[in-house]
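File shown: start05.txt (compact mmCIF, C-alpha atoms).
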```
# COMPACT_ATOMS: atom_id res chain seq x y z
CA MET A 481 47.74 -167.84 -54.83
CA LEU A 482 47.40 -169.69 -58.11
CA SER A 483 44.11 -170.76 -59.62
CA VAL A 484 43.62 -174.47 -60.13
CA LYS A 485 43.82 -174.01 -63.90
CA ASP A 486 47.09 -172.09 -63.71
CA ALA A 487 48.56 -174.68 -61.35
CA GLU A 488 47.52 -177.45 -63.72
CA THR A 489 49.13 -175.67 -66.68
CA ILE A 490 52.43 -175.22 -64.82
CA ILE A 491 52.52 -178.86 -63.75
CA PHE A 492 51.64 -180.36 -67.11
CA ASN A 493 54.12 -178.10 -68.94
CA ALA A 494 56.85 -179.39 -66.62
CA VAL A 495 56.17 -183.05 -67.44
CA GLN A 496 58.52 -184.50 -70.04
CA PRO A 497 57.02 -187.83 -71.15
CA PHE A 498 59.20 -190.91 -71.37
CA ASN A 499 61.00 -191.28 -74.68
CA GLN A 500 62.10 -194.18 -76.86
CA GLU A 501 65.81 -193.48 -76.42
CA HIS A 502 66.10 -193.67 -72.63
CA ASP A 503 62.94 -195.18 -71.20
CA LEU A 504 62.26 -198.34 -73.18
CA GLU A 505 61.92 -201.94 -71.99
CA ILE A 506 61.37 -205.19 -73.89
CA VAL A 507 58.75 -207.44 -72.30
CA ASP A 508 56.88 -210.57 -73.31
CA LEU A 509 53.16 -210.47 -73.98
CA LEU A 510 52.20 -212.20 -70.74
CA THR A 511 53.72 -209.33 -68.74
CA ALA A 512 52.74 -206.52 -71.13
CA SER A 513 49.19 -206.03 -69.89
CA HIS A 514 48.41 -202.33 -69.23
CA ARG A 515 51.94 -201.25 -70.14
CA ILE A 516 52.38 -198.33 -72.55
CA LEU A 517 53.54 -199.20 -76.06
CA ALA A 518 56.82 -197.40 -76.73
CA THR A 519 57.23 -197.82 -80.49
CA PRO A 520 54.76 -198.21 -83.36
CA VAL A 521 54.05 -201.81 -84.32
CA ILE A 522 54.24 -202.89 -87.96
CA SER A 523 53.39 -206.44 -88.96
CA ALA A 524 54.55 -208.46 -91.96
CA LEU A 525 51.26 -210.37 -91.91
CA TYR A 526 48.01 -209.55 -93.65
CA PHE A 527 44.75 -209.79 -91.69
CA PRO A 528 43.06 -212.01 -92.75
CA HIS A 529 46.18 -213.88 -93.81
CA TRP A 530 44.34 -215.28 -96.86
CA ASP A 531 40.89 -215.24 -98.46
CA ASN A 532 38.69 -217.33 -96.18
CA SER A 533 35.10 -218.24 -95.47
CA ALA A 534 33.06 -216.37 -92.89
CA MET A 535 30.45 -219.11 -92.77
CA ASP A 536 29.95 -222.88 -92.87
CA GLY A 537 28.64 -223.66 -96.35
CA PHE A 538 29.82 -224.10 -99.92
CA ALA A 539 32.47 -222.23 -101.91
CA VAL A 540 31.14 -221.53 -105.39
CA ARG A 541 31.54 -219.37 -108.48
CA TYR A 542 29.02 -216.50 -108.33
CA GLU A 543 28.29 -216.72 -112.04
CA ASP A 544 27.14 -220.33 -111.54
CA VAL A 545 24.57 -219.50 -108.82
CA GLN A 546 23.43 -215.94 -109.58
CA ASN A 547 20.00 -217.11 -110.73
CA SER A 548 19.38 -219.72 -108.01
CA SER A 549 16.08 -219.97 -106.14
CA SER A 550 14.11 -222.54 -104.21
CA GLU A 551 11.89 -223.04 -107.26
CA ASN A 552 14.86 -223.26 -109.64
CA PRO A 553 17.88 -224.46 -107.65
CA THR A 554 21.36 -224.67 -109.12
CA ILE A 555 22.90 -228.13 -108.83
CA LEU A 556 26.67 -228.27 -108.32
CA GLU A 557 29.11 -231.17 -107.94
CA ILE A 558 31.03 -231.22 -104.63
CA VAL A 559 34.69 -231.81 -105.52
CA GLU A 560 36.46 -231.08 -102.20
CA GLU A 561 35.92 -230.58 -98.47
CA ILE A 562 37.93 -227.74 -96.89
CA PRO A 563 38.08 -227.59 -93.07
CA ALA A 564 39.92 -224.79 -91.25
CA GLY A 565 43.68 -225.24 -91.42
CA TYR A 566 43.59 -227.21 -94.67
CA GLN A 567 45.22 -226.04 -97.91
CA PRO A 568 42.74 -226.50 -100.82
CA GLN A 569 44.02 -228.79 -103.58
CA ILE A 570 41.43 -228.30 -106.33
CA THR A 571 40.50 -225.29 -108.46
CA ILE A 572 36.73 -224.84 -108.62
CA LYS A 573 35.48 -225.05 -112.21
CA PRO A 574 32.05 -224.27 -113.70
CA GLY A 575 29.39 -226.50 -112.17
CA GLN A 576 31.53 -227.34 -109.12
CA ALA A 577 31.53 -226.42 -105.42
CA ALA A 578 33.61 -227.17 -102.33
CA ARG A 579 32.25 -227.92 -98.87
CA ILE A 580 33.88 -225.24 -96.69
CA PHE A 581 33.90 -224.37 -92.99
CA THR A 582 34.27 -221.06 -91.13
CA GLY A 583 37.82 -219.72 -91.31
CA ALA A 584 38.93 -222.14 -94.03
CA ILE A 585 40.93 -220.94 -97.04
CA MET A 586 38.90 -220.19 -100.16
CA PRO A 587 39.81 -222.51 -103.05
CA LYS A 588 41.00 -221.08 -106.34
CA GLY A 589 38.18 -220.42 -108.78
CA ALA A 590 35.56 -219.77 -106.06
CA ASP A 591 34.55 -216.23 -105.13
CA THR A 592 31.39 -216.64 -103.03
CA VAL A 593 30.19 -218.74 -100.09
CA ILE A 594 26.62 -220.02 -99.83
CA MET A 595 25.62 -220.62 -96.22
CA GLN A 596 24.57 -224.21 -95.64
CA GLU A 597 21.09 -223.21 -94.48
CA LYS A 598 20.32 -222.13 -98.06
CA THR A 599 21.35 -225.43 -99.61
CA ASN A 600 20.21 -229.02 -99.84
CA LEU A 601 22.93 -231.66 -99.78
CA GLN A 602 22.37 -234.92 -101.63
CA GLU A 603 25.34 -237.31 -101.75
CA ASN A 604 28.06 -235.53 -103.80
CA GLN A 605 25.78 -232.79 -105.06
CA VAL A 606 24.56 -229.57 -103.49
CA PHE A 607 21.34 -227.79 -104.46
CA ILE A 608 21.66 -223.99 -104.16
CA LEU A 609 18.25 -222.69 -103.05
CA ALA A 610 18.83 -218.91 -102.98
CA LYS A 611 20.68 -216.25 -104.94
CA PRO A 612 23.67 -214.89 -102.97
CA GLN A 613 25.35 -211.50 -103.13
CA PRO A 614 28.60 -211.42 -105.10
CA GLN A 615 31.52 -212.44 -102.84
CA GLU A 616 29.09 -213.04 -99.98
CA PHE A 617 30.65 -214.46 -96.75
CA VAL A 618 34.18 -214.16 -98.12
CA ARG A 619 36.79 -212.38 -95.99
CA HIS A 620 39.54 -211.23 -98.33
CA GLN A 621 43.24 -211.18 -97.52
CA GLY A 622 44.13 -207.80 -96.04
CA ASP A 623 40.53 -206.67 -95.49
CA PHE A 624 41.32 -205.86 -91.85
CA TYR A 625 44.97 -204.88 -92.10
CA GLN A 626 47.56 -204.50 -94.87
CA ALA A 627 51.04 -205.85 -94.14
CA GLY A 628 53.69 -203.14 -93.76
CA LYS A 629 51.31 -200.48 -92.41
CA GLU A 630 51.14 -199.31 -88.80
CA LEU A 631 49.24 -201.89 -86.78
CA LEU A 632 49.34 -200.13 -83.38
CA PRO A 633 50.65 -196.61 -82.61
CA ALA A 634 53.09 -195.78 -79.83
CA GLY A 635 51.73 -194.27 -76.64
CA ILE A 636 48.69 -196.50 -76.14
CA PRO A 637 47.99 -198.80 -73.18
CA LEU A 638 48.18 -202.50 -73.97
CA ASN A 639 44.79 -203.77 -72.89
CA PRO A 640 43.51 -207.30 -73.63
CA ALA A 641 42.43 -206.44 -77.20
CA GLU A 642 45.85 -205.03 -78.05
CA ILE A 643 47.57 -208.03 -76.44
CA ALA A 644 45.46 -210.32 -78.64
CA ILE A 645 46.39 -208.35 -81.76
CA LEU A 646 50.10 -208.57 -80.92
CA ALA A 647 49.80 -212.31 -80.36
CA ALA A 648 47.97 -212.75 -83.67
CA ALA A 649 50.74 -210.76 -85.37
CA GLN A 650 53.28 -213.24 -83.93
CA LEU A 651 55.02 -210.58 -81.82
CA PRO A 652 55.75 -212.38 -78.54
CA LYS A 653 58.01 -209.57 -77.27
CA ILE A 654 57.21 -205.91 -77.43
CA SER A 655 58.78 -202.53 -76.61
CA VAL A 656 57.08 -200.64 -73.77
CA PHE A 657 57.97 -197.63 -71.68
CA ARG A 658 59.38 -198.36 -68.26
CA ARG A 659 57.14 -197.83 -65.26
CA PRO A 660 57.30 -194.40 -63.56
CA ARG A 661 59.18 -194.58 -60.24
CA VAL A 662 57.38 -192.70 -57.48
CA ALA A 663 58.92 -192.12 -54.05
CA ILE A 664 56.47 -191.58 -51.17
CA PHE A 665 57.00 -190.42 -47.60
CA SER A 666 55.00 -188.74 -44.84
CA SER A 667 56.37 -186.14 -42.47
CA GLY A 668 55.33 -185.37 -38.91
CA ASP A 669 56.32 -186.19 -35.33
CA GLU A 670 52.73 -187.17 -34.61
CA LEU A 671 52.60 -189.96 -37.19
CA VAL A 672 52.78 -193.69 -36.45
CA THR A 673 52.46 -196.80 -38.58
CA PRO A 674 49.35 -199.03 -38.48
CA GLU A 675 51.36 -201.60 -36.50
CA GLN A 676 52.30 -199.23 -33.68
CA THR A 677 50.27 -198.66 -30.52
CA LEU A 678 48.43 -195.38 -30.81
CA LYS A 679 49.19 -192.90 -28.02
CA PRO A 680 47.32 -189.67 -27.18
CA GLY A 681 47.94 -187.02 -29.83
CA GLN A 682 49.27 -189.46 -32.40
CA ILE A 683 47.83 -190.12 -35.86
CA VAL A 684 48.12 -193.22 -38.00
CA ASP A 685 49.82 -192.49 -41.31
CA SER A 686 47.15 -193.49 -43.82
CA ASN A 687 48.40 -191.20 -46.60
CA GLN A 688 51.39 -193.31 -47.51
CA TYR A 689 49.20 -196.39 -47.98
CA ALA A 690 46.57 -194.55 -50.02
CA LEU A 691 49.12 -192.86 -52.26
CA ALA A 692 51.01 -196.10 -52.83
CA ALA A 693 47.79 -197.87 -53.82
CA LEU A 694 46.91 -195.08 -56.25
CA VAL A 695 50.36 -195.12 -57.84
CA LYS A 696 50.22 -198.90 -58.29
CA GLU A 697 46.78 -198.61 -59.92
CA LEU A 698 48.41 -196.30 -62.47
CA GLY A 699 51.16 -198.82 -63.19
CA GLY A 700 53.90 -197.02 -61.27
CA GLU A 701 56.70 -198.48 -59.20
CA VAL A 702 56.51 -197.34 -55.58
CA LEU A 703 59.50 -196.46 -53.44
CA MET A 704 58.23 -196.33 -49.85
CA LEU A 705 60.39 -194.08 -47.65
CA GLY A 706 58.27 -194.29 -44.52
CA ILE A 707 57.59 -191.64 -41.89
CA VAL A 708 60.13 -188.86 -41.51
CA LYS A 709 60.16 -186.82 -38.30
CA ASP A 710 59.96 -183.03 -38.32
CA ASN A 711 63.71 -182.78 -38.37
CA PRO A 712 65.42 -180.68 -41.06
CA THR A 713 68.41 -183.00 -41.33
CA ALA A 714 66.30 -186.15 -41.66
CA LEU A 715 63.96 -184.48 -44.15
CA THR A 716 66.87 -183.19 -46.24
CA GLU A 717 68.44 -186.64 -46.41
CA THR A 718 65.14 -188.23 -47.39
CA ILE A 719 64.28 -185.68 -50.06
CA ASN A 720 67.79 -185.77 -51.50
CA TYR A 721 67.60 -189.56 -51.75
CA ALA A 722 64.12 -189.44 -53.29
CA ILE A 723 64.91 -186.94 -56.03
CA ASN A 724 67.91 -189.04 -57.09
CA HIS A 725 66.00 -192.34 -57.20
CA ALA A 726 62.53 -191.45 -58.46
CA ASP A 727 60.82 -189.68 -61.33
CA ILE A 728 58.19 -188.23 -58.99
CA VAL A 729 58.37 -187.58 -55.26
CA LEU A 730 55.22 -187.37 -53.14
CA SER A 731 55.43 -186.11 -49.60
CA SER A 732 52.43 -185.45 -47.39
CA GLY A 733 52.48 -182.89 -44.60
CA GLY A 734 55.05 -180.24 -43.79
CA VAL A 735 54.09 -177.77 -46.55
CA SER A 736 51.81 -175.40 -44.66
CA VAL A 737 52.89 -172.36 -42.63
CA GLY A 738 53.47 -173.98 -39.23
CA ASP A 739 56.69 -173.75 -37.23
CA TYR A 740 57.50 -177.36 -38.10
CA ASP A 741 56.73 -177.16 -41.81
CA TYR A 742 60.27 -177.34 -43.18
CA ILE A 743 59.86 -178.86 -46.61
CA ASP A 744 59.66 -175.74 -48.77
CA ASN A 745 62.87 -174.35 -47.26
CA ILE A 746 64.61 -177.69 -47.76
CA LEU A 747 63.54 -177.81 -51.39
CA ALA A 748 65.03 -174.35 -51.89
CA SER A 749 68.28 -175.44 -50.19
CA LEU A 750 68.50 -178.36 -52.63
CA GLU A 751 68.18 -175.89 -55.53
CA ALA A 752 64.71 -176.93 -56.58
CA GLU A 753 62.69 -174.65 -58.80
CA ILE A 754 59.63 -174.07 -56.65
CA HIS A 755 56.76 -173.17 -58.97
CA PHE A 756 54.06 -172.58 -56.35
CA ARG A 757 53.23 -173.23 -52.69
CA ALA A 758 49.46 -172.84 -52.62
CA VAL A 759 46.47 -173.37 -54.91
CA GLN A 760 43.06 -171.71 -54.79
CA MET A 761 41.23 -174.94 -54.02
CA ARG A 762 39.49 -176.62 -51.13
CA PRO A 763 40.51 -179.10 -49.91
CA GLY A 764 44.15 -178.94 -51.01
CA LYS A 765 45.23 -175.31 -50.66
CA PRO A 766 48.72 -175.99 -49.18
CA LEU A 767 50.21 -177.71 -52.23
CA THR A 768 53.83 -177.31 -53.25
CA PHE A 769 55.08 -178.15 -56.72
CA ALA A 770 58.78 -178.08 -57.50
CA THR A 771 61.07 -179.47 -60.15
CA PHE A 772 64.59 -180.85 -60.12
CA PRO A 773 66.60 -181.75 -63.24
CA ASN A 774 65.39 -185.36 -63.14
CA SER A 775 62.44 -185.35 -60.79
CA LEU A 776 59.07 -183.73 -60.10
CA TYR A 777 58.18 -182.95 -56.50
CA PHE A 778 54.67 -182.71 -55.04
CA GLY A 779 54.39 -181.56 -51.45
CA LEU A 780 50.84 -182.70 -50.69
CA PRO A 781 48.78 -181.53 -47.71
CA GLY A 782 48.84 -183.70 -44.60
CA ASN A 783 45.07 -183.98 -44.16
CA PRO A 784 44.11 -187.31 -45.74
CA VAL A 785 41.23 -186.09 -47.93
CA SER A 786 43.30 -183.10 -49.09
CA ALA A 787 46.15 -185.42 -50.03
CA LEU A 788 43.87 -187.65 -52.08
CA VAL A 789 42.00 -184.79 -53.78
CA THR A 790 45.25 -183.12 -54.86
CA PHE A 791 46.53 -186.48 -56.09
CA TRP A 792 43.43 -187.07 -58.22
CA ARG A 793 43.44 -183.52 -59.54
CA PHE A 794 47.14 -183.11 -60.34
CA VAL A 795 49.34 -186.14 -59.67
CA GLN A 796 47.26 -188.79 -61.43
CA PRO A 797 47.34 -187.06 -64.85
CA THR A 798 51.03 -186.24 -64.28
CA ILE A 799 51.88 -189.93 -63.87
CA LYS A 800 49.82 -190.82 -66.94
CA LYS A 801 51.51 -188.19 -69.09
CA LEU A 802 54.98 -189.08 -67.82
CA SER A 803 54.36 -192.77 -68.56
CA GLY A 804 54.20 -192.06 -72.31
CA LEU A 805 50.44 -192.05 -72.94
CA ASN A 806 49.85 -190.02 -76.08
CA THR A 807 46.22 -189.20 -75.29
CA GLY A 808 43.78 -189.59 -72.43
CA TRP A 809 46.14 -188.60 -69.63
CA GLU A 810 44.28 -185.42 -68.69
CA ALA A 811 41.88 -185.26 -65.73
CA LYS A 812 38.47 -186.42 -66.94
CA PHE A 813 35.55 -184.05 -66.29
CA ILE A 814 31.95 -184.44 -67.36
CA LYS A 815 29.01 -182.08 -66.93
CA VAL A 816 26.34 -183.66 -64.74
CA LYS A 817 23.20 -182.60 -62.91
CA SER A 818 23.67 -182.68 -59.17
CA HIS A 819 21.17 -184.63 -57.11
CA SER A 820 22.42 -182.85 -53.98
CA GLU A 821 22.69 -179.28 -52.81
CA LEU A 822 26.39 -178.37 -53.03
CA LYS A 823 27.74 -175.52 -50.94
CA SER A 824 30.97 -173.51 -50.95
CA ASN A 825 32.27 -170.26 -49.49
CA GLY A 826 32.85 -169.01 -53.04
CA LYS A 827 36.47 -168.09 -52.36
CA MET A 828 38.04 -171.37 -53.45
CA GLU A 829 37.43 -173.89 -56.22
CA THR A 830 35.75 -176.50 -54.05
CA TYR A 831 35.78 -180.26 -54.53
CA ILE A 832 32.94 -182.24 -52.94
CA TRP A 833 33.19 -186.01 -52.85
CA GLY A 834 30.35 -188.35 -53.58
CA ASN A 835 28.98 -190.85 -56.09
CA LEU A 836 28.31 -190.58 -59.80
CA LYS A 837 25.48 -192.89 -60.83
CA LEU A 838 23.65 -193.63 -64.06
CA ASN A 839 19.87 -193.52 -63.56
CA ASP A 840 17.64 -194.20 -66.57
CA GLY A 841 20.46 -193.25 -68.90
CA ILE A 842 21.20 -189.97 -67.12
CA TYR A 843 24.21 -189.35 -64.88
CA GLN A 844 23.57 -187.85 -61.46
CA PHE A 845 25.92 -186.86 -58.66
CA GLN A 846 25.03 -187.59 -55.03
CA GLN A 847 27.13 -185.95 -52.31
CA THR A 848 28.35 -188.38 -49.68
CA SER A 849 26.60 -188.30 -46.31
CA GLY A 850 28.20 -187.07 -43.12
CA ASN A 851 30.65 -184.30 -42.34
CA LEU A 852 32.62 -183.15 -45.38
CA ASN A 853 35.90 -182.32 -43.70
CA SER A 854 39.42 -182.65 -45.11
CA GLY A 855 40.38 -184.68 -42.05
CA ASN A 856 37.41 -187.04 -42.34
CA LEU A 857 38.74 -189.96 -44.33
CA ILE A 858 35.85 -192.24 -43.34
CA ASN A 859 33.14 -190.91 -45.64
CA LEU A 860 35.48 -190.97 -48.61
CA ALA A 861 34.97 -194.74 -48.75
CA GLN A 862 33.23 -196.04 -51.91
CA THR A 863 33.05 -192.60 -53.51
CA ASN A 864 33.89 -192.40 -57.20
CA ALA A 865 33.71 -188.72 -58.15
CA LEU A 866 34.36 -185.15 -57.08
CA ALA A 867 31.89 -182.36 -57.84
CA VAL A 868 33.45 -178.99 -58.61
CA VAL A 869 31.98 -175.77 -57.26
CA PRO A 870 33.81 -172.95 -59.06
CA VAL A 871 35.25 -169.82 -57.50
CA GLY A 872 32.57 -167.18 -57.00
CA LYS A 873 29.74 -169.68 -56.65
CA THR A 874 28.37 -170.52 -53.21
CA LEU A 875 25.52 -172.86 -54.08
CA ILE A 876 24.62 -175.45 -56.68
CA THR A 877 21.00 -176.45 -56.36
CA PRO A 878 19.60 -179.94 -57.05
CA GLY A 879 19.08 -180.37 -60.79
CA GLU A 880 21.72 -177.79 -61.65
CA GLU A 881 24.66 -178.87 -63.79
CA THR A 882 28.24 -178.86 -62.56
CA LEU A 883 31.55 -180.39 -63.55
CA ILE A 884 32.36 -183.80 -62.11
CA LEU A 885 35.86 -185.23 -61.86
CA GLN A 886 35.76 -189.01 -62.20
CA ILE A 887 38.26 -190.60 -59.83
CA ARG A 888 37.47 -194.29 -60.38
```

Show me the file's structure as structure tokens.
Amino acid sequence: MLSVKDAETIIFNAVQPFNQEHDLEIVDLLTASHRILATPVISALYFPHWDNSAMDGFAVRYEDVQNSSSENPTILEIVEEIPAGYQPQITIKPGQAARIFTGAIMPKGADTVIMQEKTNLQENQVFILAKPQPQEFVRHQGDFYQAGKELLPAGIPLNPAEIAILAAAQLPKISVFRRPRVAIFSSGDELVTPEQTLKPGQIVDSNQYALAALVKELGGEVLMLGIVKDNPTALTETINYAINHADIVLSSGGVSVGDYDYIDNILASLEAEIHFRAVQMRPGKPLTFATFPNSLYFGLPGNPVSALVTFWRFVQPTIKKLSGLNTGWEAKFIKVKSHSELKSNGKMETYIWGNLKLNDGIYQFQQTSGNLNSGNLINLAQTNALAVVPVGKTLITPGEETLILQIR
């Protein structure tokens, strides 16, 4: 049985991220939010586009006002008013100033802006009441970005700030990686949909809904294949369809050692490379990972908590890496003091669900209340983290540090 770390290494090494040759789409900015940038962005514009004022005030020559004070003000003639969006017409000469507003272009001859609070305006003259710093409140062309250099690198998510930058660079269409396609199905004769009447011995298929929601949160396209009965022919047809239409296939159930757990044998019959069938973790031990030439296959456990824990631990970073993210796709762990007593049998790497909270600037983990059972989906509600109890450790006492996997 593989350790969690070894399983993670095998999975991540098998992921070939999307590339610019085969997996690129052109989208407009209004639909680009949270997509992954596929190619570096280079702009022909400088930021700022021109020298401009960072303050409402007066554009002046520093040498004219360098000795100004309230006791000995410098008096300058106002020769022009420059609002934002206006092209200055006059070159500022010795003894002159221009009324200027925030964002407006600096006139030729001026190199400094005096904020209006440090002046006294009298008709067409301004009294400078304080000595400024050289080039004070002037934003120079190219201070923020030089035209022709890389503006944004490939492999980053386009969040609102990046969308704003692209808009400011006059790039209304942008190259992004396509969305990962993820096929999802559940297997089991006992499963029914939420719309069906529940009969004795039957179970509502919640896994498919949870997994679909998680994939959509990650920006993936979901291919829902429904419930497949424990029938080798039906399962073979479904899996064969899935691996030919999706980048990743997620099945839940049918990967343990029961008489009706057919999936591993079917994967072998379809010439999959099966990398492992079990992981030294709890919940989530019966986990199958296999690869096909154009698809990754995760056979997740059927128990709902096990399915979600294995998704958060392995599938979520897989989707992120596949999508073209250059950094930040790995599972995110932080070391936190536990507020609860965390128990394990010591034989498996154990994941305990609960809540990570910030109290007085210090993170603490609180185990959820109730029965921690892989079949108990109910107390997973509103949790945001998984505490990790490593192999060989049976108890983490309150106040002791442990690793926490953030899931939301």

Find the spatial neighbours of Ile876 of chain A, counting all atoms listed in the file, within a cut-off of 7 Å - ignore same-chain residues fewer than 4 positions away - and output them as a PDB file with C-alpha atoms, in the frame of the given file.
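Result file selection_9.pdb:
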```pdb
ATOM      1  CA  GLU A 821      22.690-179.280 -52.810  1.00  0.00           C
ATOM      2  CA  LEU A 822      26.390-178.370 -53.030  1.00  0.00           C
ATOM      3  CA  LYS A 823      27.740-175.520 -50.940  1.00  0.00           C
ATOM      4  CA  GLU A 880      21.720-177.790 -61.650  1.00  0.00           C
TER       5      GLU A 880
END
```

Identify the residues around (39.5, -216.5, -89.6) within a radius of 7 Å, measuring from all atoms listed in the file in the coordinates stated by the file, and give them as a ChimeraX atom specification.
/A:528,532,583

Find the spatial neighbours of segment 758-772 of chain A, counting all atoms listed in the file, within a cut-off of 8 Å - ignore same-chain residues fewer than 6 positions away - and output them as a PyMOL selection string.
chain A and resi 481-484+487+491+494+723+735-736+744+747+751-752+778-781+785-787+789-790+827-831+854

Write a file of the just-selected residues containing C-alpha atoms, as a PDB file, in the frame of the given file.
```pdb
ATOM      1  CA  MET A 481      47.740-167.840 -54.830  1.00  0.00           C
ATOM      2  CA  LEU A 482      47.400-169.690 -58.110  1.00  0.00           C
ATOM      3  CA  SER A 483      44.110-170.760 -59.620  1.00  0.00           C
ATOM      4  CA  VAL A 484      43.620-174.470 -60.130  1.00  0.00           C
ATOM      5  CA  ALA A 487      48.560-174.680 -61.350  1.00  0.00           C
ATOM      6  CA  ILE A 491      52.520-178.860 -63.750  1.00  0.00           C
ATOM      7  CA  ALA A 494      56.850-179.390 -66.620  1.00  0.00           C
ATOM      8  CA  ILE A 723      64.910-186.940 -56.030  1.00  0.00           C
ATOM      9  CA  VAL A 735      54.090-177.770 -46.550  1.00  0.00           C
ATOM     10  CA  SER A 736      51.810-175.400 -44.660  1.00  0.00           C
ATOM     11  CA  ASP A 744      59.660-175.740 -48.770  1.00  0.00           C
ATOM     12  CA  LEU A 747      63.540-177.810 -51.390  1.00  0.00           C
ATOM     13  CA  GLU A 751      68.180-175.890 -55.530  1.00  0.00           C
ATOM     14  CA  ALA A 752      64.710-176.930 -56.580  1.00  0.00           C
ATOM     15  CA  PHE A 778      54.670-182.710 -55.040  1.00  0.00           C
ATOM     16  CA  GLY A 779      54.390-181.560 -51.450  1.00  0.00           C
ATOM     17  CA  LEU A 780      50.840-182.700 -50.690  1.00  0.00           C
ATOM     18  CA  PRO A 781      48.780-181.530 -47.710  1.00  0.00           C
ATOM     19  CA  VAL A 785      41.230-186.090 -47.930  1.00  0.00           C
ATOM     20  CA  SER A 786      43.300-183.100 -49.090  1.00  0.00           C
ATOM     21  CA  ALA A 787      46.150-185.420 -50.030  1.00  0.00           C
ATOM     22  CA  VAL A 789      42.000-184.790 -53.780  1.00  0.00           C
ATOM     23  CA  THR A 790      45.250-183.120 -54.860  1.00  0.00           C
ATOM     24  CA  LYS A 827      36.470-168.090 -52.360  1.00  0.00           C
ATOM     25  CA  MET A 828      38.040-171.370 -53.450  1.00  0.00           C
ATOM     26  CA  GLU A 829      37.430-173.890 -56.220  1.00  0.00           C
ATOM     27  CA  THR A 830      35.750-176.500 -54.050  1.00  0.00           C
ATOM     28  CA  TYR A 831      35.780-180.260 -54.530  1.00  0.00           C
ATOM     29  CA  SER A 854      39.420-182.650 -45.110  1.00  0.00           C
TER      30      SER A 854
END
```

Using all atoms listed in the file - which residues lie no farther than 7 Å from the point (56.8, -202.8, -75.4) in the file's frame? Write them as a PyMOL selection string.
chain A and resi 505-507+512+516-518+654-657

Counting all atoms listed in the file, give me one row per residue of segment 640-690 of chain A with an atom at most 7 Å from an atom of segment 708-712 of chain A, showing the shortest contact pair and its distance in Å to one decimal, sorted by chain then residue number, as JSON lines.
```
{"residue": "A:Ser666", "atom": "CA", "partner": "A:Val708", "partner_atom": "CA", "distance": 6.1}
{"residue": "A:Ser667", "atom": "CA", "partner": "A:Val708", "partner_atom": "CA", "distance": 4.7}
{"residue": "A:Gly668", "atom": "CA", "partner": "A:Lys709", "partner_atom": "CA", "distance": 5.1}
{"residue": "A:Asp669", "atom": "CA", "partner": "A:Lys709", "partner_atom": "CA", "distance": 4.9}
```

Of the residues A:Asn552, A:Thr571, A:Gln682, A:Gln602, which is the one nearest to Ala590 of chain A, using all atoms listed in the file?
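Among the listed residues, A:Thr571 lies closest to Ala590 of chain A.
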
Return the single residue from A:Thr673, A:Leu638, A:Thr877, A:Tyr721 that is closest to Leu510 of chain A, with distances computed using all atoms listed in the file.
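Of all the options, A:Leu638 lies closest to Leu510 of chain A.
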
Looking at A:Ile594, A:Pro660, A:Gln844, A:Thr713, which one is nearest to His725 of chain A, with distances taken over all atoms listed in the file?
A:Pro660

Please determine, counting all atoms listed in the file, which residue among A:Gln500, A:Thr554, A:Asn835, A:Ser533 has the shortest atom-to-atom distance to Thr582 of chain A.
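For Thr582 of chain A, the nearest of the given residues is A:Ser533.
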
In terms of the shortest atom-to-atom distance over only C-alpha atoms, which of A:Phe756, A:Phe492, A:Phe498, A:Phe791 is closest to Gln688 of chain A?
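Among the listed residues, A:Phe791 lies closest to Gln688 of chain A.
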
Given all atoms listed in the file as the counted atoms, nearest of A:Leu788, A:Ile887, A:Ile842, A:Ile858 to Ala811 of chain A:
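Comparing A:Leu788, A:Ile887, A:Ile842, A:Ile858 against Ala811 of chain A, the winner is A:Ile887.
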
What are the closest atom pairs, with distances in Å to one decimal, for all residues of segment 519-583 of chain A lying within 10 Å of segment 643-650 of chain A? Consider only C-alpha atoms, order rows by chain and residue number, and present the result as a tab-separated table.
```
residue	atom	partner	partner_atom	distance
A:Val521	CA	A:Leu646	CA	8.5
A:Ile522	CA	A:Ala649	CA	9.0
A:Ser523	CA	A:Ala649	CA	6.2
A:Ala524	CA	A:Ala649	CA	8.0
A:Leu525	CA	A:Ala649	CA	6.6
A:Tyr526	CA	A:Ala649	CA	8.8
A:Phe527	CA	A:Ala649	CA	8.8
```

May I have the selected residues written with C-alpha atoms, as a short mmCIF file (atom, residue, chain, number, x, y, z; two decimals), in the frame of the given file?
```cif
data_model
loop_
_atom_site.label_atom_id
_atom_site.label_comp_id
_atom_site.auth_asym_id
_atom_site.auth_seq_id
_atom_site.Cartn_x
_atom_site.Cartn_y
_atom_site.Cartn_z
CA VAL A 521 54.05 -201.81 -84.32
CA ILE A 522 54.24 -202.89 -87.96
CA SER A 523 53.39 -206.44 -88.96
CA ALA A 524 54.55 -208.46 -91.96
CA LEU A 525 51.26 -210.37 -91.91
CA TYR A 526 48.01 -209.55 -93.65
CA PHE A 527 44.75 -209.79 -91.69
#
```

A straight line from atom CA of Pro633 of chain A to atom CA of Asp508 of chain A spans 17.9 Å

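Picture a line from atom CA of Phe624 of chain A to atom CA of Ala534 of chain A; it runs 13.4 Å.
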
Using all atoms of segment 775-789 of chain A listed in the file and a margin of 6 Å per side, can you give the axis-aligned box centre and edge lengths in Å to one decimal, as lines of an AutoDock Vina configuration file?
```
center_x = 51.8
center_y = -184.6
center_z = -52.5
size_x = 33.2
size_y = 18.1
size_z = 28.6
```

What does the structure give for the distance between atom CA of Asn864 of chain A and atom CA of Arg888 of chain A, in Å to one decimal?
5.1 Å
